[in-house]
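Read through the structure below, which is laid out as structure tokens, and then see the notes.
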Amino acid sequence: MKRVGVMGLGLMGSGIAEVSILAGYATAVCEVNPELLQKGRSNIERSLARAVERGKLTGEQRDHALAILRPGTDLALFHDCDIVIEAVTENLAAKQEVFRALDKACKREALLTSNTSSLSITQLAACTQRPDRVVGTHFFNPVPLMKLVEVVRGIASSDDSVAQAKRFCESLGKSVVLAKDTPGFVVNRLLVPYLLDAIREYERGLASAEDIDNGMVLGCNHPMGPLRLTDLVGLDTTYFIALSLYEEFGEPRFEPPPLLKRLVLAGWLGRKSGRGFYQYTDGTSQK
Ligand SMILES: NC(=O)c1ccc[n+]([C@@H]2O[C@H](COP(=O)([O-])OP(=O)(O)OC[C@H]3O[C@@H](n4cnc5c(N)ncnc54)[C@H](O)[C@@H]3O)[C@@H](O)[C@H]2O)c1
């Protein structure tokens, strides 16, 4: 693997592109329009600037990393990539379209991976002429800090593709767990019902948002409470994951609570939109 592509430069795509350039990979990044591309690029620049301020990175390392970032809005950018990681919105139709387009734009031997949290890798692979070369690489948020990547094997993924994806993620400094292609894989299958329970209890009036979060932080030593974590993940993303799990398994514990749906409809998507269960200014909670 020498050249990397990242499709979608939102919360996750910009984090994945950041760790990729820091590991020394020339990384092409693609967004739907120049404004979103610039927004993603600015997020990477800000994150690298913070790393320099904290002494974790030298100015020279930052400049080198930014010099090997190749931003654009045209898929032709990916023609020479050895691996392309899809990190677009968690929506089946959108991802299927992206995989059909990537299959055409990328060289035959390139590995195509999806950062999906809950959709089927097998179904995405079936949109391509190379289902053996499609696997899941599920990074965690915030990507530069979180150690884990779940590498997901679709029904048609080859052993070689799974092994290459694992080696690539390890080369970014991540630890890998291998998961089957079932909704939520390992972590979200266990985590999402917990987040949904917290939202249901908040909606029922069990306690304030702060007290629910403090309960889990101070009582269970979690680094972050469930409502703050949902704000960080994105309420829309959490909602889509819950829907996928609910559609697949039909169990009430996966059913998105009405309040989650209402907040998403209101555009209160959490930290990224400035408001979710808490309010944020410049990414910092105000409440
Ligand atoms: N948010 C999390 O904590 C988290 C964690 C792990 C995995 N994921 C998964 O990562 C993926 C991205 O999530 P996110 O939180 O970064 O979402 P996001 O909304 O922050 O970013 C998605 C980006 O994709 C772009 N996009 C949409 N269609 C595109 C296209 N056709 N071509 C190029 N760009 C396109 C959008 O413009 C947007 O900038 C989802 O599959 C999600 O389930 C999210």
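For the structure tokens, the naming scheme is as follows: chains receive sequential letters (A, B, ...) according to their order of presentation, residues are indexed from 1 within each chain, and ligands are indexed from 1 in presentation order.
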
*Pick out the residues no farther than 9 Å from ligand 1, counting only C-alpha atoms and all ligand atoms, and list them as a PyMOL selection string.*
chain A and resi 6-15+29-33+36-37+39-40+73+75+86-91+94-95+97-98+101+114-119+137-143+229-230+232-238+240-241+272

*Can you list every residue in region 84-173 of chain A that DSSP puts in strand (DSSP E), as a VMD selection string?*
chain A and resid 84 to 86 111 to 114 134 to 139 148 to 153

*Which of these residues is nearest to Glu210 (chain A), using only C-alpha atoms: A:Phe277, A:Tyr194, A:Gln96, A:Arg253?*
A:Phe277

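Relative to CA of Tyr278 (chain A), CA of Pro223 (chain A) is found at 16.9 Å.
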
_Length of the CA of Ser171 (chain A) to CA of Asp132 (chain A) vector [Å]_ = 21.9 Å

*Tell me, as a ChimeraX atom specification, which residues lie within 9 Å of Phe249 (chain A), counting only C-alpha atoms; anything in the same chain fewer than 5 positions away does not count.*
/A:183,244,254

_Which residue is closest to Arg70 (chain A)? Choose from A:Pro144, A:Gly225, A:Gly5, A:Gly55 and count only C-alpha atoms._
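The closest residue to Arg70 (chain A) is A:Gly5.
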